[in-house]
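my_file_12.txt (compact mmCIF, C-alpha atoms and all ligand atoms) appears below.
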```txt
# COMPACT_ATOMS: atom_id res chain seq x y z
CA MET I 1 -8.28 5.46 19.61
CA ALA I 2 -9.63 5.30 16.07
CA MET I 3 -8.28 8.27 14.15
CA VAL I 4 -10.23 7.55 10.96
CA GLU I 5 -13.63 5.88 10.98
CA VAL I 6 -15.50 4.98 7.83
CA GLU I 7 -18.96 3.41 8.08
CA GLY I 8 -21.08 2.02 5.27
CA LEU I 9 -19.53 4.41 2.76
CA ARG I 10 -21.04 4.46 -0.71
CA LYS I 11 -20.18 6.75 -3.58
CA VAL I 12 -22.22 6.91 -6.75
CA TYR I 13 -20.76 9.40 -9.23
CA ASP I 14 -23.05 11.67 -11.25
CA GLY I 15 -23.02 9.39 -14.26
CA GLY I 16 -24.43 6.60 -12.05
CA PHE I 17 -21.17 4.70 -11.53
CA GLU I 18 -20.89 3.19 -8.05
CA ALA I 19 -17.22 3.59 -7.12
CA LEU I 20 -17.61 2.62 -3.44
CA LYS I 21 -20.12 -0.08 -2.52
CA GLY I 22 -20.23 0.06 1.26
CA VAL I 23 -16.82 0.47 2.85
CA ASP I 24 -16.17 0.04 6.59
CA LEU I 25 -12.77 0.93 7.91
CA SER I 26 -11.28 1.96 11.20
CA ILE I 27 -7.71 3.21 11.43
CA GLU I 28 -5.95 3.62 14.74
CA LYS I 29 -3.79 6.56 15.69
CA GLY I 30 -0.19 5.97 14.65
CA GLU I 31 -1.05 3.16 12.29
CA ILE I 32 0.27 2.80 8.74
CA LEU I 33 -2.32 1.31 6.43
CA ALA I 34 -1.51 0.45 2.83
CA LEU I 35 -4.44 0.18 0.42
CA LEU I 36 -3.68 -2.03 -2.52
CA GLY I 37 -5.87 -2.39 -5.56
CA PRO I 38 -5.80 -2.47 -9.34
CA ASN I 39 -6.62 0.57 -11.50
CA GLY I 40 -10.14 1.81 -10.95
CA ALA I 41 -10.59 -0.13 -7.68
CA GLY I 42 -11.82 2.96 -5.81
CA LYS I 43 -8.68 3.89 -3.87
CA THR I 44 -8.59 7.56 -4.86
CA THR I 45 -12.35 7.88 -4.38
CA LEU I 46 -12.02 6.48 -0.86
CA ILE I 47 -9.15 8.81 0.05
CA SER I 48 -10.86 11.83 -1.51
CA THR I 49 -14.04 11.10 0.43
CA ILE I 50 -12.17 10.78 3.73
CA CYS I 51 -10.44 14.10 2.95
CA GLY I 52 -13.82 15.71 2.32
CA LEU I 53 -13.09 16.42 -1.36
CA VAL I 54 -15.72 14.03 -2.70
CA GLN I 55 -19.22 13.99 -1.22
CA PRO I 56 -20.34 10.56 -0.02
CA THR I 57 -23.65 9.27 -1.37
CA SER I 58 -24.32 7.56 1.95
CA GLY I 59 -22.46 6.45 5.04
CA ALA I 60 -20.28 8.38 7.44
CA VAL I 61 -16.63 9.37 7.74
CA ARG I 62 -14.99 10.82 10.84
CA VAL I 63 -11.42 12.02 11.24
CA GLY I 64 -10.25 12.67 14.79
CA GLY I 65 -13.93 12.35 15.77
CA HIS I 66 -15.04 15.11 13.35
CA ASP I 67 -17.57 14.29 10.64
CA VAL I 68 -15.91 15.18 7.32
CA VAL I 69 -19.13 16.62 5.87
CA ARG I 70 -20.76 18.40 8.84
CA ASP I 71 -17.51 19.41 10.48
CA TYR I 72 -15.33 19.74 7.37
CA ARG I 73 -12.92 22.40 8.58
CA ALA I 74 -12.05 20.68 11.85
CA ALA I 75 -11.57 17.34 10.09
CA ARG I 76 -9.56 18.82 7.21
CA SER I 77 -7.22 20.68 9.54
CA LEU I 78 -5.93 17.32 10.80
CA ILE I 79 -5.24 15.97 7.32
CA GLY I 80 -2.24 16.22 5.03
CA LEU I 81 -2.84 14.97 1.50
CA VAL I 82 -0.31 14.10 -1.15
CA PRO I 83 -2.50 13.80 -4.23
CA GLN I 84 -1.87 11.55 -7.18
CA GLU I 85 -2.17 14.40 -9.66
CA ILE I 86 0.47 17.11 -9.61
CA ASN I 87 -1.51 20.28 -8.93
CA LEU I 88 1.17 22.90 -8.36
CA GLU I 89 0.93 26.55 -9.27
CA PRO I 90 3.61 26.69 -12.04
CA PHE I 91 4.95 30.18 -11.30
CA SER I 92 5.15 29.91 -7.53
CA LYS I 93 8.52 29.17 -5.97
CA VAL I 94 9.09 26.15 -3.79
CA LEU I 95 9.53 27.68 -0.32
CA PRO I 96 6.73 30.29 -0.72
CA ALA I 97 4.39 27.55 -2.04
CA VAL I 98 5.04 25.38 1.02
CA ARG I 99 4.76 28.41 3.34
CA PHE I 100 1.46 29.34 1.70
CA THR I 101 -0.01 25.89 2.39
CA ARG I 102 0.93 26.17 6.06
CA GLY I 103 -0.76 29.57 6.23
CA LEU I 104 -3.86 28.20 4.53
CA PHE I 105 -4.27 25.83 7.43
CA GLY I 106 -4.11 28.71 9.87
CA LYS I 107 -0.77 27.67 11.37
CA PRO I 108 1.66 30.34 12.61
CA ARG I 109 4.88 30.88 10.63
CA ASN I 110 7.62 28.39 11.42
CA GLU I 111 10.54 28.84 9.07
CA ALA I 112 12.74 26.35 10.93
CA LEU I 113 10.16 23.61 10.43
CA LEU I 114 9.81 24.40 6.71
CA GLU I 115 13.57 24.37 6.29
CA ASP I 116 13.76 21.01 8.01
CA ILE I 117 11.04 19.56 5.75
CA LEU I 118 12.68 20.90 2.57
CA ARG I 119 16.09 19.62 3.62
CA ARG I 120 14.74 16.14 4.36
CA LEU I 121 13.19 16.08 0.90
CA SER I 122 16.40 17.38 -0.75
CA LEU I 123 14.50 20.49 -1.84
CA TRP I 124 16.34 23.15 0.15
CA ASP I 125 18.63 24.02 -2.76
CA LYS I 126 15.55 24.45 -4.94
CA ARG I 127 13.65 26.68 -2.52
CA ASP I 128 13.75 29.69 -4.87
CA THR I 129 12.98 27.74 -8.03
CA GLN I 130 9.62 28.07 -9.75
CA THR I 131 7.80 24.76 -9.60
CA ARG I 132 7.38 24.68 -13.39
CA ALA I 133 11.17 24.34 -13.69
CA LEU I 134 11.33 21.21 -11.53
CA SER I 135 11.47 17.61 -12.72
CA GLY I 136 8.47 15.34 -12.14
CA GLY I 137 10.12 13.70 -9.13
CA MET I 138 10.99 17.09 -7.62
CA LYS I 139 7.39 18.26 -8.09
CA ARG I 140 6.26 15.19 -6.19
CA ARG I 141 8.66 16.08 -3.39
CA VAL I 142 7.06 19.55 -3.25
CA LEU I 143 3.63 17.94 -2.89
CA ILE I 144 4.95 15.93 0.05
CA ALA I 145 6.50 19.06 1.59
CA LYS I 146 3.19 20.92 1.28
CA ALA I 147 1.30 18.06 2.90
CA LEU I 148 3.75 18.00 5.82
CA SER I 149 3.92 21.79 6.18
CA HIS I 150 0.97 22.06 8.54
CA GLU I 151 1.99 19.12 10.76
CA PRO I 152 -0.96 16.86 9.99
CA GLU I 153 -2.06 14.13 12.35
CA VAL I 154 -3.26 12.01 9.45
CA LEU I 155 -1.29 11.83 6.24
CA PHE I 156 -2.74 10.46 3.01
CA LEU I 157 -0.33 9.46 0.29
CA ASP I 158 -2.10 8.62 -2.95
CA GLU I 159 0.40 6.60 -4.96
CA PRO I 160 3.22 8.85 -3.86
CA THR I 161 5.93 6.88 -5.59
CA ALA I 162 4.21 6.21 -8.92
CA GLY I 163 6.84 6.87 -11.59
CA VAL I 164 9.51 8.19 -9.25
CA ASP I 165 13.07 7.02 -8.91
CA VAL I 166 14.41 4.65 -6.30
CA GLU I 167 16.00 7.50 -4.36
CA LEU I 168 12.74 9.34 -3.77
CA ARG I 169 11.02 6.09 -2.88
CA ARG I 170 13.67 5.43 -0.21
CA ASP I 171 13.48 9.05 1.04
CA MET I 172 9.74 8.76 1.32
CA TRP I 173 9.89 5.49 3.20
CA ALA I 174 12.35 7.07 5.62
CA ILE I 175 10.02 10.04 6.16
CA VAL I 176 7.07 7.71 6.73
CA GLU I 177 9.11 5.77 9.29
CA GLU I 178 10.02 8.98 11.10
CA LEU I 179 6.42 10.22 11.10
CA ARG I 180 5.30 6.89 12.49
CA GLY I 181 7.71 7.46 15.36
CA ARG I 182 5.90 10.72 16.09
CA GLY I 183 2.48 9.07 16.12
CA THR I 184 1.23 10.28 12.73
CA THR I 185 -1.43 8.07 11.17
CA ILE I 186 -0.60 7.25 7.55
CA ILE I 187 -2.79 5.86 4.80
CA LEU I 188 -1.13 5.12 1.53
CA THR I 189 -2.40 3.73 -1.72
CA THR I 190 0.02 1.95 -3.94
CA HIS I 191 0.42 -0.36 -6.87
CA TYR I 192 3.79 -1.38 -5.52
CA ILE I 193 3.28 -4.32 -3.29
CA GLU I 194 6.92 -4.09 -2.32
CA GLU I 195 6.06 -0.72 -0.81
CA ALA I 196 3.22 -2.10 1.29
CA GLU I 197 5.43 -4.96 2.37
CA ALA I 198 8.17 -2.55 3.41
CA ILE I 199 6.27 0.03 5.42
CA ALA I 200 2.70 -0.93 6.31
CA ASP I 201 1.40 -2.27 9.62
CA ARG I 202 -1.87 -3.30 8.05
CA VAL I 203 -2.83 -4.04 4.47
CA GLY I 204 -6.20 -3.51 2.83
CA VAL I 205 -7.04 -4.91 -0.57
CA ILE I 206 -9.72 -3.01 -2.45
CA ASN I 207 -11.31 -3.95 -5.74
CA GLY I 208 -14.59 -3.04 -7.43
CA GLY I 209 -15.42 -0.54 -4.67
CA ARG I 210 -15.23 -3.11 -1.89
CA ILE I 211 -12.63 -3.95 0.70
CA LEU I 212 -11.81 -7.58 0.09
CA LEU I 213 -9.42 -7.95 2.94
CA LEU I 214 -8.02 -5.92 5.81
CA GLU I 215 -5.41 -7.55 7.96
CA ASP I 216 -2.24 -7.11 9.91
CA LYS I 217 0.58 -7.51 7.39
CA LYS I 218 2.60 -10.05 9.34
CA ARG I 219 -0.48 -12.15 10.16
CA LEU I 220 -1.57 -12.02 6.53
CA LEU I 221 1.76 -13.22 5.27
CA SER I 222 1.88 -16.06 7.74
CA ARG I 223 -1.77 -17.03 7.25
CA LEU I 224 -1.79 -17.05 3.48
CA GLY I 225 1.89 -17.54 3.00
CA ARG I 226 3.04 -20.65 1.23
CA LYS I 227 6.55 -21.83 1.08
CA GLU I 228 8.07 -23.90 -1.63
CA LEU I 229 10.98 -26.26 -1.18
CA ARG I 230 12.72 -26.98 -4.46
CA VAL I 231 14.90 -30.06 -4.45
CA GLU I 232 17.27 -30.35 -7.37
CA LEU I 233 17.95 -33.99 -8.14
CA ASP I 234 21.16 -35.56 -9.37
CA THR I 235 19.38 -37.49 -12.09
CA SER I 236 16.00 -36.60 -13.49
CA LEU I 237 12.96 -38.73 -12.66
CA ALA I 238 10.38 -39.67 -15.28
CA THR I 239 7.70 -40.20 -12.61
CA LEU I 240 7.46 -40.03 -8.85
CA PRO I 241 8.24 -43.34 -7.12
CA PRO I 242 5.15 -44.86 -5.40
CA ALA I 243 6.44 -43.94 -1.92
CA LEU I 244 6.38 -40.25 -2.85
CA GLN I 245 3.03 -40.14 -4.57
CA ASN I 246 -0.12 -38.44 -3.20
CA ARG I 247 1.86 -36.01 -1.06
CA GLY I 248 1.36 -32.89 -3.11
CA LEU I 249 4.80 -33.16 -4.68
CA ALA I 250 5.43 -32.08 -8.25
CA LEU I 251 8.21 -32.72 -10.72
CA GLU I 252 9.41 -29.76 -12.75
CA ASP I 253 12.15 -28.93 -15.24
CA GLY I 254 11.93 -32.27 -17.02
CA GLY I 255 12.02 -34.22 -13.76
CA ARG I 256 15.18 -32.60 -12.40
CA VAL I 257 13.42 -30.60 -9.70
CA LEU I 258 11.05 -31.89 -7.06
CA VAL I 259 8.77 -29.19 -5.65
CA HIS I 260 7.22 -29.52 -2.21
CA THR I 261 4.72 -26.80 -1.27
CA TYR I 262 3.79 -26.31 2.36
CA ASP I 263 1.96 -23.96 4.63
CA THR I 264 4.19 -21.62 6.65
CA ALA I 265 1.63 -21.62 9.48
CA ALA I 266 1.53 -25.43 9.75
CA ASP I 267 3.27 -27.10 12.70
CA ARG I 268 5.03 -29.62 10.51
CA SER I 269 6.46 -28.83 7.13
CA GLY I 270 7.13 -32.46 6.18
CA ILE I 271 10.65 -31.59 5.01
CA ALA I 272 12.45 -34.04 7.28
CA HIS I 273 10.17 -36.88 6.13
CA LEU I 274 10.65 -35.96 2.51
CA MET I 275 14.43 -35.93 2.78
CA ALA I 276 14.43 -39.27 4.61
CA ASP I 277 12.15 -40.81 1.97
CA LEU I 278 14.36 -39.52 -0.84
CA ARG I 279 17.35 -41.16 0.80
CA SER I 280 15.63 -44.50 1.29
CA GLU I 281 14.48 -44.45 -2.35
CA GLY I 282 18.10 -43.92 -3.35
CA ILE I 283 17.39 -40.54 -4.93
CA ALA I 284 20.44 -38.29 -4.72
CA VAL I 285 19.96 -34.60 -4.06
CA ARG I 286 22.19 -31.97 -5.67
CA ASP I 287 20.80 -28.80 -4.10
CA VAL I 288 17.83 -27.39 -2.22
CA SER I 289 16.31 -23.92 -2.14
CA THR I 290 13.16 -22.35 -0.75
CA ARG I 291 10.86 -19.64 -2.00
CA GLN I 292 8.25 -17.92 0.17
CA SER I 293 5.09 -16.38 -1.26
CA THR I 294 5.00 -12.62 -1.09
CA LEU I 295 2.21 -10.13 -0.64
CA GLU I 296 2.20 -9.88 -4.41
CA ASP I 297 1.29 -13.56 -4.85
CA ILE I 298 -1.47 -13.19 -2.27
CA PHE I 299 -2.81 -10.02 -3.87
CA VAL I 300 -2.78 -11.37 -7.42
CA SER I 301 -4.58 -14.55 -6.37
CA MET I 302 -7.24 -12.60 -4.41
CA VAL I 303 -8.03 -10.22 -7.26
CA ALA I 304 -8.04 -13.10 -9.75
CA LYS I 305 -10.44 -15.05 -7.52
CA GLN I 306 -12.85 -12.09 -7.39
CA GLU I 307 -12.78 -11.77 -11.17
CA GLU I 308 -13.57 -15.45 -11.77
CA PRO I 309 -17.09 -15.87 -13.20
CA ALA I 310 -19.48 -17.04 -10.47
N1 LIG W 401 -15.49 12.09 -11.09
C1 LIG W 401 -15.83 10.87 -11.52
N2 LIG W 401 -16.96 10.66 -12.23
C2 LIG W 401 -17.32 9.43 -12.63
N3 LIG W 401 -16.60 8.30 -12.39
C3 LIG W 401 -15.46 8.45 -11.69
C4 LIG W 401 -15.01 9.73 -11.21
N4 LIG W 401 -13.86 9.54 -10.53
C5 LIG W 401 -13.59 8.22 -10.59
N5 LIG W 401 -14.56 7.57 -11.28
C6 LIG W 401 -14.61 6.12 -11.51
O1 LIG W 401 -14.63 5.43 -10.26
C7 LIG W 401 -13.82 4.26 -10.31
C8 LIG W 401 -12.78 4.30 -9.21
O2 LIG W 401 -11.82 5.30 -9.51
P1 LIG W 401 -10.63 5.67 -8.52
O3 LIG W 401 -9.89 6.79 -9.14
O4 LIG W 401 -11.17 5.82 -7.15
O5 LIG W 401 -9.77 4.32 -8.61
P2 LIG W 401 -8.30 4.02 -8.11
O6 LIG W 401 -8.39 2.73 -7.36
O7 LIG W 401 -7.73 5.19 -7.44
O8 LIG W 401 -7.57 3.76 -9.50
P3 LIG W 401 -6.06 4.11 -9.99
O9 LIG W 401 -5.21 3.08 -9.36
O10 LIG W 401 -6.18 3.92 -11.47
O11 LIG W 401 -5.77 5.49 -9.58
C9 LIG W 401 -13.23 4.20 -11.73
O12 LIG W 401 -14.01 3.31 -12.50
C10 LIG W 401 -13.37 5.63 -12.22
O13 LIG W 401 -13.55 5.66 -13.62
```

Let me see the structure of the file written as structure tokens.
Amino acid sequence: MAMVEVEGLRKVYDGGFEALKGVDLSIEKGEILALLGPNGAGKTTLISTICGLVQPTSGAVRVGGHDVVRDYRAARSLIGLVPQEINLEPFSKVLPAVRFTRGLFGKPRNEALLEDILRRLSLWDKRDTQTRALSGGMKRRVLIAKALSHEPEVLFLDEPTAGVDVELRRDMWAIVEELRGRGTTIILTTHYIEEAEAIADRVGVINGGRILLLEDKKRLLSRLGRKELRVELDTSLATLPPALQNRGLALEDGGRVLVHTYDTAADRSGIAHLMADLRSEGIAVRDVSTRQSTLEDIFVSMVAKQEEPA
């Protein structure tokens, strides 16, 4: 079942800037989707529109089957949002702030649940602290606690780990993993490709208000993934011997390293042939290593391609 459906979504801001230029997106229940994109790509606008905080110019958005404009309250009640901006009331204390959010969503009191959330976020000891006295990372933890307080079916995390330490990032990934186990649908925007690689089922790349790509993470990595075999030679070569030419090989590091690039999805990598040819040419090998392209390489090359002049 699609939990979030976005159809032909356009957003033109008051000044005339078109931040979303026709976005279609369908997110299944229990799925974790990571939206990657450079600054200004439209990620926050897309999330804010799905959460009903920004009015679409045209197109439709449904969450749990409820239209986010016509049926705002029903749609919003299913959504937990961890915003990019820290928007806490400075004088409110941690536990009351989280309790207040739960109440706002019309949920009955559940102190055990709130305690569990605060403990998982290492906030329990800070429950009576005013939010203004917390560090930036702690404030971000409070935002996450508030978003989880009303047991949302869909959780939006808008760059939740921007500028936070490794510990919070790991805590957050663990929480996401646990929520996935309970069937929560999660949409996260991030600049950290490592984050998408670690936790997403599907990856979307957005730039200039358009979704450039939307694909299963594993399939994407194997489809676009390139692998490099680096062969360190005993003695450097000035040029490639004729038998090794025209095979996409390159010499690097002053001829000491032979680089063979191949497609991870291809049936044959050509490595066995290459090694046999090196031996018959009398070229001694000192060491070999491989390097596989990451989501980051794929992302950078996609965005660069879009920015090339037509
Ligand atoms: N309220 C607004 N009025 C006018 N333009 C806006 C408004 N909000 C955002 N924009 C513009 O829309 C574009 C997309 O912004 P958005 O915040 O959605 O990008 P983003 O992908 O979340 O970027 P970042 O990674 O920097 O947070 C930007 O060019 C931004 O300047």

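Comparing I:Ile283, I:Ile175, I:Ala112, I:Ile298 by their smallest distance to I:Arg226, the closest is I:Ile298 (using all atoms listed in the file).
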
Hey, which residues sit close to ligand LIG 401 (chain W)? Say within 8 Å, counting all atoms listed in the file, and write them as an NGL selection string.
:I and (13-20 or 37-46 or 84 or 158-159 or 189-191 or 206-209)

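Note that the spacing between atom CA of I:Ser48 and atom CA of I:Ile193 amounts to 21.5 Å.
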
Write out as a PyMOL selection string each polymer residue whose atoms come within 10 Å of I:Gly163, counting only C-alpha atoms; drop sequence neighbours fewer than 6 positions from it.
chain I and resi 136-137+140+169

Taking C-alpha atoms for each residue, export the selection above as an mmCIF file, in the coordinates of the input.
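Produced file selection32.cif, reproduced below:
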```cif
data_model
loop_
_atom_site.group_PDB
_atom_site.id
_atom_site.type_symbol
_atom_site.label_atom_id
_atom_site.label_comp_id
_atom_site.auth_asym_id
_atom_site.auth_seq_id
_atom_site.Cartn_x
_atom_site.Cartn_y
_atom_site.Cartn_z
ATOM 1 C CA GLY I 136 8.470 15.340 -12.140
ATOM 2 C CA GLY I 137 10.120 13.700 -9.130
ATOM 3 C CA ARG I 140 6.260 15.190 -6.190
ATOM 4 C CA ARG I 169 11.020 6.090 -2.880
#
```

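Between atom CA of I:Asp165 and atom CA of I:Glu153 the separation is 27.0 Å.
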
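One distance worth recording is that between atom CA of I:Leu95 and atom CA of I:Leu114, which is 7.8 Å.
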
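With all atoms listed in the file as the atoms that count, the minimum distance from I:Ala174 to the choices I:Leu36, I:Leu155, I:Ala198, I:Val68 is reached by I:Ala198.
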
Within 12 Å of I:Leu148, counting all atoms listed in the file, which residues show up once you throw out same-chain ones fewer than 6 positions away? Write them as number ranges by chain, please.
I: 77-82, 98-99, 101-102, 105, 113-118, 120-121, 141-142, 154-157, 172, 175-176, 179, 184, 186

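Between I:Arg291 and the candidates I:Thr235, I:Gln245, I:Thr261, I:Ser149, the tightest atom-to-atom separation, counting only C-alpha atoms, involves I:Thr261.
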
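Close contacts of I:Leu33, defined as residues with an atom at most 10 Å away when counting all atoms listed in the file, with chain neighbours fewer than 2 positions off set aside, comprise Ile27, Glu28, Gly30, Glu31, Leu35, Leu36, Phe156, Thr185, Ile186, Ile187, Leu188, Thr189, Ala196, Ile199, Ala200, Asp201, Arg202, Val203, Gly204, Leu214, Glu215, Asp216 and Lys217 of chain I.
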
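Here the question is which of I:Gly254, I:Pro160, I:Ser92, I:Ala304 gets nearest to I:Thr239 using all atoms listed in the file, and that residue is I:Gly254.
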
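Distance annotation: of I:Arg73, I:Arg109, I:Lys305, I:Arg119, the residue with the minimal separation from I:Asp171 is I:Arg119; atom set is all atoms listed in the file.
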